[in-house]
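Everything below belongs to coords-v6.txt, which stores compact mmCIF, C-alpha atoms.
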# COMPACT_ATOMS: atom_id res chain seq x y z
CA MET A 1 22.92 94.05 132.67
CA LYS A 2 20.48 91.32 131.60
CA LEU A 3 16.91 91.60 132.80
CA LYS A 4 15.39 88.30 133.94
CA VAL A 5 11.62 88.39 133.86
CA CYS A 6 9.52 85.54 135.24
CA GLY A 7 7.02 84.14 132.75
CA LEU A 8 8.61 85.76 129.68
CA TRP A 9 9.18 82.44 127.97
CA SER A 10 5.53 81.44 128.07
CA ILE A 11 4.75 83.63 125.05
CA GLY A 12 5.61 83.14 121.38
CA LYS A 13 7.13 80.11 119.66
CA VAL A 14 7.38 76.65 121.18
CA MET A 15 10.80 75.79 122.61
CA THR A 16 12.19 72.26 122.60
CA LYS A 17 13.42 70.61 125.78
CA LEU A 18 16.99 71.11 124.53
CA ASP A 19 16.38 74.82 123.87
CA ASN A 20 14.94 75.22 127.36
CA VAL A 21 18.04 73.64 128.92
CA VAL A 22 20.30 75.93 126.86
CA ARG A 23 18.20 78.97 127.80
CA GLU A 24 18.42 78.04 131.48
CA MET A 25 22.21 77.69 131.26
CA LEU A 26 22.59 80.98 129.39
CA PHE A 27 20.79 82.95 132.03
CA LEU A 28 23.37 81.83 134.54
CA ALA A 29 26.16 83.03 132.24
CA PRO A 30 27.86 86.36 132.98
CA GLY A 31 28.66 87.29 129.35
CA GLU A 32 26.79 89.69 127.11
CA THR A 33 27.56 88.32 123.61
CA VAL A 34 26.38 84.88 122.45
CA SER A 35 27.37 82.97 119.33
CA ILE A 36 25.05 80.08 118.47
CA ILE A 37 26.92 77.61 116.24
CA GLY A 38 25.04 75.12 114.05
CA PRO A 39 21.57 76.04 115.31
CA GLY A 40 19.69 73.80 112.85
CA GLU A 41 16.10 73.65 114.04
CA SER A 42 16.92 75.55 117.25
CA ARG A 43 16.68 78.94 115.56
CA ASN A 44 13.68 79.85 117.75
CA LEU A 45 16.13 80.38 120.60
CA TYR A 46 17.53 83.43 118.77
CA ASP A 47 14.17 85.24 118.92
CA TYR A 48 14.10 84.88 122.70
CA LEU A 49 17.72 85.74 123.40
CA ILE A 50 17.93 88.99 121.41
CA ASN A 51 16.04 90.70 124.24
CA PHE A 52 18.84 89.89 126.71
CA PHE A 53 22.09 89.40 124.78
CA SER A 54 23.88 90.47 121.67
CA VAL A 55 23.26 87.26 119.69
CA GLU A 56 24.53 85.89 116.40
CA MET A 57 23.96 82.53 114.71
CA ILE A 58 26.64 80.90 112.58
CA ASP A 59 26.09 77.92 110.29
CA TYR A 60 28.17 76.63 107.38
CA ASP A 61 25.15 75.04 105.66
CA ILE A 62 24.46 77.05 102.48
CA ARG A 63 20.72 76.41 102.91
CA PHE A 64 20.85 79.27 105.41
CA ARG A 65 22.82 81.78 103.32
CA ASP A 66 19.69 83.85 102.59
CA ASP A 67 18.52 83.86 106.22
CA ASN A 68 19.20 87.37 107.54
CA ASN A 69 19.75 86.08 111.08
CA ILE A 70 22.42 83.50 110.19
CA ILE A 71 26.04 84.23 109.32
CA CYS A 72 26.97 81.63 106.72
CA LYS A 73 30.55 80.70 107.68
CA ASP A 74 32.47 77.65 108.78
CA ILE A 75 33.48 78.49 112.36
CA VAL A 76 36.46 76.11 112.18
CA PHE A 77 37.99 77.09 108.84
CA ASP A 78 36.78 80.63 108.10
CA GLU A 79 38.21 83.63 109.90
CA TYR A 80 35.68 84.52 112.55
CA GLU A 81 35.71 85.76 116.15
CA PRO A 82 32.74 84.44 118.17
CA GLY A 83 31.16 86.09 121.22
CA GLU A 84 32.01 85.63 124.90
CA ILE A 85 29.62 82.68 125.17
CA ILE A 86 29.66 79.97 122.51
CA VAL A 87 26.68 77.63 122.18
CA ASN A 88 27.65 74.76 119.89
CA TYR A 89 24.63 72.67 118.86
CA ALA A 90 26.71 70.44 116.58
CA CYS A 91 29.79 69.19 118.46
CA GLU A 92 29.59 65.84 116.67
CA LYS A 93 30.02 67.57 113.31
CA MET A 94 33.18 69.60 113.93
CA TRP A 95 36.60 69.97 115.50
CA PRO A 96 36.29 70.85 119.21
CA LEU A 97 35.88 74.63 119.38
CA GLY A 98 37.55 74.76 122.81
CA LYS A 99 40.83 73.98 121.02
CA LEU A 100 40.35 77.02 118.78
CA PHE A 101 38.91 79.61 121.16
CA LYS A 102 40.41 80.07 124.63
CA ASN A 103 39.05 81.67 127.80
CA ARG A 104 35.46 81.35 126.63
CA GLU A 105 32.30 80.13 128.21
CA PHE A 106 30.78 77.19 126.32
CA ILE A 107 27.52 75.34 126.14
CA LEU A 108 28.47 72.25 124.18
CA ILE A 109 25.86 69.90 122.72
CA GLY A 110 26.56 66.68 120.87
CA ASP A 111 24.57 63.56 120.14
CA ASP A 112 25.49 59.91 119.78
CA GLU A 113 23.24 59.06 116.83
CA GLY A 114 26.07 58.65 114.31
CA HIS A 115 24.62 60.53 111.35
CA ASN A 116 26.46 60.81 108.06
CA GLY A 117 28.94 63.67 108.44
CA ASP A 118 29.54 63.15 112.16
CA CYS A 119 33.33 63.37 112.15
CA ASN A 120 33.52 63.73 115.96
CA PRO A 121 31.04 61.23 117.48
CA ILE A 122 30.06 62.25 121.02
CA THR A 123 29.50 59.53 123.61
CA SER A 124 29.62 61.37 126.96
CA CYS A 125 29.74 64.70 128.75
CA GLU A 126 33.25 63.80 129.93
CA GLN A 127 34.37 63.56 126.30
CA LEU A 128 33.09 67.11 125.61
CA VAL A 129 34.90 68.41 128.73
CA LYS A 130 38.20 66.80 127.73
CA GLN A 131 38.05 67.69 124.02
CA ASN A 132 37.32 71.35 124.69
CA ASN A 133 39.76 71.80 127.59
CA ILE A 134 36.96 72.81 129.96
CA VAL A 135 38.62 73.64 133.29
CA GLU A 136 35.51 74.69 135.21
CA VAL A 137 32.29 72.73 134.63
CA TYR A 138 29.11 74.53 135.68
CA ASP A 139 26.58 71.90 134.61
CA THR A 140 26.16 68.71 132.59
CA ARG A 141 22.97 67.15 131.29
CA ILE A 142 21.89 64.19 129.21
CA ILE A 143 18.62 64.37 127.26
CA LYS A 144 17.10 61.35 125.54
CA ARG A 145 16.53 61.60 121.79
CA TRP A 146 14.53 59.30 119.56
CA GLN A 147 17.60 57.24 118.58
CA GLY A 148 20.19 58.28 121.12
CA GLN A 149 21.04 61.04 123.55
CA TYR A 150 22.16 64.65 123.67
CA TYR A 151 25.19 65.30 125.88
CA ILE A 152 25.35 68.87 127.18
CA VAL A 153 28.20 70.59 129.03
CA HIS A 154 28.27 74.16 130.33
CA GLY A 155 31.65 75.45 131.41
CA ILE A 156 34.70 77.61 130.73
CA ASN A 157 38.10 76.76 129.27
Give the structure from the file, written as structure tokens.
Amino acid sequence: MKLKVCGLWSIGKVMTKLDNVVREMLFLAPGETVSIIGPGESRNLYDYLINFFSVEMIDYDIRFRDDNNIICKDIVFDEYEPGEIIVNYACEKMWPLGKLFKNREFILIGDDEGHNGDCNPITSCEQLVKQNNIVEVYDTRIIKRWQGQYYIVHGIN
């Protein structure tokens, strides 16, 4: 059982607006194990979540191979079994995980900035729902970025 304590998040490291939205969505999730995929600069979220969930971070970027908190694997191509809840911070950079992992709860995040390496450009929440076979949508959000927008979908496939 997760303990939800008012005011807990006011201590420690600064959370981004995106991290706060993800945190809010996670605390509505019934699962106990969370896999954070492609956390990039959102690694602060891990420090908060370990008090409430069994959490792991997965990133294929070899810059993180010496980080004890990050499992350095490619979630699409390497053999790996993620947790009950999958938070994907990099939907624009990979094959839709909802096609690979079934009966999971997802928090899917993609942006429309079109960076080099974005093989799956994201342009709407509806696109994330369709690509990942989400059958029950709990929440959708759009957050403005400096050159585009984040599209966020919370749901189950």
Close residues, Gln147 of chain A itself excluded, 12 Å, only C-alpha atoms, min 6 positions apart in chain, as a PDB file with C-alpha atoms, in the coordinates of the input:
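What ended up in out_5.pdb:
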ATOM      1  CA  ASP A 111      24.570  63.560 120.140  1.00  0.00           C
ATOM      2  CA  ASP A 112      25.490  59.910 119.780  1.00  0.00           C
ATOM      3  CA  GLU A 113      23.240  59.060 116.830  1.00  0.00           C
ATOM      4  CA  GLY A 114      26.070  58.650 114.310  1.00  0.00           C
ATOM      5  CA  HIS A 115      24.620  60.530 111.350  1.00  0.00           C
TER       6      HIS A 115
END
From A:Gln127, A:Asn69, A:Thr140, A:Ser54, residue lying nearest Gly83 of chain A [all atoms listed in the file]: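 Looking only at the distances to Gly83 of chain A, the closest residue turns out to be A:Ser54.
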Distance in Å - atom CA of Ile58 of chain A versus atom CA of Gly38 of chain A: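 One can read the atom CA of Ile58 of chain A to atom CA of Gly38 of chain A distance as 6.2 Å.
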Might you pull out every residue within 9 Å of Cys91 of chain A, with all atoms listed in the file counted and same-chain residues fewer than 5 positions away left off, and present them as an mmCIF file with C-alpha atoms, in the coordinates of the input?
data_model
loop_
_atom_site.group_PDB
_atom_site.id
_atom_site.type_symbol
_atom_site.label_atom_id
_atom_site.label_comp_id
_atom_site.auth_asym_id
_atom_site.auth_seq_id
_atom_site.Cartn_x
_atom_site.Cartn_y
_atom_site.Cartn_z
ATOM 1 C CA GLY A 38 25.040 75.120 114.050
ATOM 2 C CA PRO A 96 36.290 70.850 119.210
ATOM 3 C CA LEU A 97 35.880 74.630 119.380
ATOM 4 C CA LEU A 108 28.470 72.250 124.180
ATOM 5 C CA ILE A 109 25.860 69.900 122.720
ATOM 6 C CA GLY A 110 26.560 66.680 120.870
ATOM 7 C CA ASP A 111 24.570 63.560 120.140
ATOM 8 C CA ASP A 118 29.540 63.150 112.160
ATOM 9 C CA ASN A 120 33.520 63.730 115.960
ATOM 10 C CA PRO A 121 31.040 61.230 117.480
ATOM 11 C CA ILE A 122 30.060 62.250 121.020
ATOM 12 C CA LEU A 128 33.090 67.110 125.610
#
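Ranking A:Val34, A:Ile143, A:Leu28, A:Ile156 by their shortest atom-to-atom distance to Glu84 of chain A, with all atoms listed in the file included, puts A:Val34 first.
Here atom CA of Thr123 of chain A and atom CA of Ile142 of chain A stand 10.5 Å from one another.
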Mind checking which residues fall within 8 Å of Glu56 of chain A, counting all atoms listed in the file, ignoring those fewer than 6 positions away in the same chain, and posting them as a JSON list (two decimals) with C-alpha atoms, keeping the file's coordinate frame?
[["chain", "number", "residue", "atom", "x", "y", "z"],
["A", 34, "VAL", "CA", 26.38, 84.88, 122.45],
["A", 35, "SER", "CA", 27.37, 82.97, 119.33],
["A", 36, "ILE", "CA", 25.05, 80.08, 118.47],
["A", 46, "TYR", "CA", 17.53, 83.43, 118.77],
["A", 69, "ASN", "CA", 19.75, 86.08, 111.08],
["A", 70, "ILE", "CA", 22.42, 83.50, 110.19],
["A", 71, "ILE", "CA", 26.04, 84.23, 109.32]]
Closest of A:Ile62, A:Leu26, A:Ile85, A:Val55 to Gly40 of chain A - atom-to-atom distances counting only C-alpha atoms: A:Ile62
Computed interatomic separation between atom CA of Gly155 of chain A and atom CA of Ile107 of chain A (Å): 6.7 Å
A:Pro39, A:Gly31, A:Gly148, A:Pro82 ranked by distance to Phe64 of chain A, top pick (using only C-alpha atoms): A:Pro39
Shell around segment 134-138 of chain A at 9 Å using only C-alpha atoms, local window under 6 positions removed, as a list in words: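 Close residues of segment 134-138 of chain A: Met25, Gly98, Glu105, Phe106, Leu128, Val153, His154, Gly155, Ile156 and Asn157 of chain A.
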Surrounding residues of Arg23 of chain A excluding itself and chain neighbours under 6 positions, 9 Å, only C-alpha atoms, as a PyMOL selection string: chain A and resi 45+48-49
